[in-house]
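Engineer: Sharing a structure below in structure tokens format, with a few things to ask.
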Amino acid sequence: MSSGRISCLSFLFIVLLVSVLSYVIFSILYLIQDYQISNECKGSNLWEYILISTILVFTNYSVKTDNFTLFAILVIIIGIVNICMCIWGGIELWNYSCDDLTETNLWRVGLASFILQLTVSLTSILTMPFMLFYIYYIEDHTVENPNPLNEKIEVQV
């Protein structure tokens with residue numbers, strides 16, 4: 001691996017890490033800051049949605065296994081959890097939020113959570129079935145002898 005690739009991957013890892021940490025820190029900050037406004041908005045569970053979204057953000061980055069099939073199943077489960085959270089967030093953001101709540105940073109973090117969950121869910125739910133199909137299609141159509149030119153041919157007379 002070239003040093004350019006390593007530095008690029010290191011940069012992307014650092015950007016991802018800083019982004020996740022910023023999201024978590026600002027989520028916690030706004031959960032504390034806008035708690036009273038959220039508490040006054042009866043019928044809205046936006047505060048709870050953001051709390052659970054902040055906790056679940058760590059599950060998106062903790063999938064590690066050597067078995068590809070298990071990895072694919074876990075990614076699809078993460079996609080399903082994120083789409084469920086996305087539906088809940090959409091309902092909380094646009095149906096149950098009070099007018100006072102829509103002008104707060106809490107609502108903006110909720111919107112960021114909604115967009116993040118929508119992106120993760122669509123990526124994982126749409127990408128993994130195509131990858132599984134491709135891998136199983138390739139495995140089913142592999143030739144038993146991968147190097148047929150090195151075979152010895154016996155001729156019987």
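To be explicit about the labels: the chains of the structure tokens are called A, B, and onward in the order shown, and within each one the residues are counted from 1, while ligands get numbers from 1 in the order they are shown.
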Produce a table with one row for each residue of region 8-57 of chain A that has an atom at most 8 Å from any atom of region 108-119 of chain A, each row naming the nearest atom pair and its distance in Å at one decimal; use only C-alpha atoms; arrange rows by chain and rising residue number; format as a tab-separated table.

Structural biologist:
```
residue	atom	partner	partner_atom	distance
A:Phe26	CA	A:Val109	CA	7.8
A:Ser27	CA	A:Val109	CA	6.3
A:Tyr30	CA	A:Val109	CA	7.8
A:Leu46	CA	A:Gly110	CA	7.2
A:Tyr49	CA	A:Gly110	CA	7.6
A:Ile50	CA	A:Gly110	CA	5.8
A:Ser53	CA	A:Ser113	CA	6.6
```

Engineer: Would you mind exporting the chosen residues as a compact mmCIF listing (two decimals), in the first residue's frame, restricted to N, CA and C atoms?

Structural biologist:
```txt
# COMPACT_ATOMS: atom_id res chain seq x y z
N PHE A 26 -22.40 17.70 20.53
CA PHE A 26 -23.45 18.68 20.33
C PHE A 26 -24.83 18.12 20.68
N SER A 27 -25.04 16.84 20.43
CA SER A 27 -26.32 16.23 20.82
C SER A 27 -26.51 16.30 22.32
N TYR A 30 -27.10 19.99 23.43
CA TYR A 30 -28.43 20.50 23.12
C TYR A 30 -29.52 19.75 23.87
N LEU A 46 -39.34 14.24 20.93
CA LEU A 46 -38.13 14.59 20.19
C LEU A 46 -36.89 14.45 21.05
N TYR A 49 -36.07 10.84 21.29
CA TYR A 49 -35.57 10.37 20.00
C TYR A 49 -34.09 10.73 19.83
N ILE A 50 -33.73 11.95 20.17
CA ILE A 50 -32.34 12.38 20.01
C ILE A 50 -31.44 11.64 20.99
N SER A 53 -30.99 8.19 19.56
CA SER A 53 -30.17 8.30 18.34
C SER A 53 -28.70 8.50 18.69
```

Engineer: May I have the residues within 7 Å of region 120-137 of chain A as a PyMOL selection string, using only C-alpha atoms and disregarding those fewer than 6 positions away in the same chain?

Structural biologist: chain A and resi 72+75-76+79-80+82-83

Engineer: Filtering to N, CA and C atoms, could you give me those residues as a PDB file, in the first residue's frame?

Structural biologist:
```pdb
ATOM      1  N   ALA A  72     -22.788  -9.239   6.612  1.00  0.00           N
ATOM      2  CA  ALA A  72     -23.875  -8.720   5.779  1.00  0.00           C
ATOM      3  C   ALA A  72     -25.194  -8.712   6.547  1.00  0.00           C
ATOM      4  N   VAL A  75     -25.131  -5.843   9.015  1.00  0.00           N
ATOM      5  CA  VAL A  75     -25.292  -4.553   8.333  1.00  0.00           C
ATOM      6  C   VAL A  75     -26.754  -4.337   7.945  1.00  0.00           C
ATOM      7  N   ILE A  76     -27.425  -5.374   7.498  1.00  0.00           N
ATOM      8  CA  ILE A  76     -28.849  -5.260   7.152  1.00  0.00           C
ATOM      9  C   ILE A  76     -29.673  -4.982   8.407  1.00  0.00           C
ATOM     10  N   GLY A  79     -29.274  -1.463   9.237  1.00  0.00           N
ATOM     11  CA  GLY A  79     -30.094  -0.678   8.316  1.00  0.00           C
ATOM     12  C   GLY A  79     -31.556  -0.658   8.715  1.00  0.00           C
ATOM     13  N   ILE A  80     -32.070  -1.795   9.156  1.00  0.00           N
ATOM     14  CA  ILE A  80     -33.470  -1.865   9.576  1.00  0.00           C
ATOM     15  C   ILE A  80     -33.692  -1.043  10.843  1.00  0.00           C
ATOM     16  N   ASN A  82     -31.945   1.543  11.771  1.00  0.00           N
ATOM     17  CA  ASN A  82     -31.842   2.947  11.385  1.00  0.00           C
ATOM     18  C   ASN A  82     -33.073   3.429  10.631  1.00  0.00           C
ATOM     19  N   ILE A  83     -33.669   2.591   9.807  1.00  0.00           N
ATOM     20  CA  ILE A  83     -34.881   3.024   9.100  1.00  0.00           C
ATOM     21  C   ILE A  83     -36.039   3.169  10.082  1.00  0.00           C
TER      22      ILE A  83
END
```

Engineer: Could you tell me, as an MDAnalysis selection string, which residues of chain A DSSP assigns to helix (DSSP H, G or I) when given the backbone?

Structural biologist: chainID A and resid 3:33 35:40 46:61 68:94 99:102 105:140 148:150

Engineer: Could you dump the residues just selected with C-alpha atoms as a short mmCIF file (atom, residue, chain, number, x, y, z; two decimals), in the first residue's frame?

Structural biologist:
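result-v5.cif, freshly written:
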```cif
data_model
loop_
_atom_site.label_atom_id
_atom_site.label_comp_id
_atom_site.auth_asym_id
_atom_site.auth_seq_id
_atom_site.Cartn_x
_atom_site.Cartn_y
_atom_site.Cartn_z
CA SER A 3 2.05 6.18 1.44
CA GLY A 4 -0.50 8.30 -0.42
CA ARG A 5 -3.25 5.77 0.24
CA ILE A 6 -2.27 5.43 3.87
CA SER A 7 -2.31 9.18 4.43
CA CYS A 8 -5.63 9.53 2.61
CA LEU A 9 -7.20 6.72 4.65
CA SER A 10 -5.78 8.21 7.85
CA PHE A 11 -7.26 11.58 6.96
CA LEU A 12 -10.67 10.06 6.23
CA PHE A 13 -10.56 8.13 9.51
CA ILE A 14 -9.73 11.31 11.44
CA VAL A 15 -12.54 13.23 9.70
CA LEU A 16 -14.99 10.43 10.52
CA LEU A 17 -13.86 10.31 14.14
CA VAL A 18 -14.11 14.10 14.56
CA SER A 19 -17.55 14.09 12.91
CA VAL A 20 -18.92 11.38 15.20
CA LEU A 21 -17.46 13.04 18.29
CA SER A 22 -18.88 16.43 17.26
CA TYR A 23 -22.30 14.90 16.66
CA VAL A 24 -22.30 13.22 20.07
CA ILE A 25 -20.98 16.28 21.94
CA PHE A 26 -23.45 18.68 20.33
CA SER A 27 -26.32 16.23 20.82
CA ILE A 28 -25.59 15.97 24.53
CA LEU A 29 -25.11 19.72 24.81
CA TYR A 30 -28.43 20.50 23.12
CA LEU A 31 -30.24 17.76 25.04
CA ILE A 32 -29.21 19.53 28.25
CA GLN A 33 -29.70 23.06 26.91
CA TYR A 35 -34.59 20.13 27.99
CA GLN A 36 -37.02 22.64 29.47
CA ILE A 37 -38.44 23.68 26.08
CA SER A 38 -38.80 20.02 25.12
CA ASN A 39 -40.49 19.23 28.42
CA GLU A 40 -43.07 21.99 27.84
CA LEU A 46 -38.13 14.59 20.19
CA TRP A 47 -35.85 14.74 23.22
CA GLU A 48 -36.10 10.97 23.71
CA TYR A 49 -35.57 10.37 20.00
CA ILE A 50 -32.34 12.38 20.01
CA LEU A 51 -31.13 10.65 23.19
CA ILE A 52 -31.65 7.19 21.68
CA SER A 53 -30.17 8.30 18.34
CA THR A 54 -27.07 9.54 20.14
CA ILE A 55 -26.68 6.23 21.95
CA LEU A 56 -27.27 4.15 18.82
CA VAL A 57 -24.74 6.06 16.72
CA PHE A 58 -22.01 3.84 18.19
CA THR A 59 -23.65 0.66 16.89
CA ASN A 60 -23.16 1.86 13.32
CA TYR A 61 -19.38 1.73 13.69
CA PHE A 68 -18.86 -12.08 5.40
CA THR A 69 -22.35 -13.58 5.61
CA LEU A 70 -22.62 -12.66 9.29
CA PHE A 71 -21.25 -9.21 8.50
CA ALA A 72 -23.87 -8.72 5.78
CA ILE A 73 -26.68 -9.82 8.10
CA LEU A 74 -25.49 -7.43 10.81
CA VAL A 75 -25.29 -4.55 8.33
CA ILE A 76 -28.85 -5.26 7.15
CA ILE A 77 -30.05 -5.35 10.78
CA ILE A 78 -28.32 -2.01 11.41
CA GLY A 79 -30.09 -0.68 8.32
CA ILE A 80 -33.47 -1.87 9.58
CA VAL A 81 -32.87 -0.33 13.03
CA ASN A 82 -31.84 2.95 11.38
CA ILE A 83 -34.88 3.02 9.10
CA CYS A 84 -37.13 2.47 12.13
CA MET A 85 -35.38 5.29 13.98
CA CYS A 86 -35.66 7.44 10.86
CA ILE A 87 -39.42 6.89 10.69
CA TRP A 88 -39.77 7.74 14.39
CA GLY A 89 -37.62 10.85 13.91
CA GLY A 90 -39.63 12.01 10.91
CA ILE A 91 -42.86 11.68 12.87
CA GLU A 92 -41.39 13.56 15.83
CA LEU A 93 -39.86 16.30 13.69
CA TRP A 94 -42.77 17.08 11.42
CA ASP A 99 -43.69 25.70 17.18
CA ASP A 100 -41.35 26.63 20.05
CA LEU A 101 -39.38 23.45 19.50
CA THR A 102 -38.82 23.91 15.76
CA ASN A 105 -30.91 23.54 18.27
CA LEU A 106 -32.56 20.37 19.55
CA TRP A 107 -34.75 20.29 16.44
CA ARG A 108 -31.68 20.84 14.24
CA VAL A 109 -29.85 17.93 15.90
CA GLY A 110 -32.99 15.86 15.39
CA LEU A 111 -32.91 16.77 11.70
CA ALA A 112 -29.22 15.83 11.51
CA SER A 113 -30.01 12.50 13.20
CA PHE A 114 -32.84 11.91 10.74
CA ILE A 115 -30.57 12.58 7.74
CA LEU A 116 -27.76 10.43 9.16
CA GLN A 117 -30.11 7.52 9.85
CA LEU A 118 -31.72 7.81 6.43
CA THR A 119 -28.30 7.72 4.76
CA VAL A 120 -27.07 4.75 6.81
CA SER A 121 -30.28 2.78 6.36
CA LEU A 122 -30.51 3.29 2.62
CA THR A 123 -26.84 2.52 2.13
CA SER A 124 -26.90 -0.66 4.18
CA ILE A 125 -30.26 -1.96 3.04
CA LEU A 126 -29.62 -1.32 -0.66
CA THR A 127 -25.92 -2.17 -0.86
CA MET A 128 -25.74 -5.44 1.06
CA PRO A 129 -28.26 -7.47 -1.00
CA PHE A 130 -26.38 -6.51 -4.17
CA MET A 131 -23.07 -7.51 -2.61
CA LEU A 132 -24.47 -10.83 -1.40
CA PHE A 133 -25.93 -11.54 -4.83
CA TYR A 134 -22.61 -10.72 -6.49
CA ILE A 135 -20.57 -12.88 -4.11
CA TYR A 136 -22.88 -15.89 -4.30
CA TYR A 137 -23.18 -15.53 -8.06
CA ILE A 138 -19.38 -15.54 -8.39
CA GLU A 139 -19.00 -18.47 -5.98
CA ASP A 140 -21.60 -20.55 -7.82
CA PRO A 148 -6.90 -25.43 -16.63
CA LEU A 149 -3.80 -24.68 -18.74
CA ASN A 150 -1.52 -26.58 -16.35
#
```
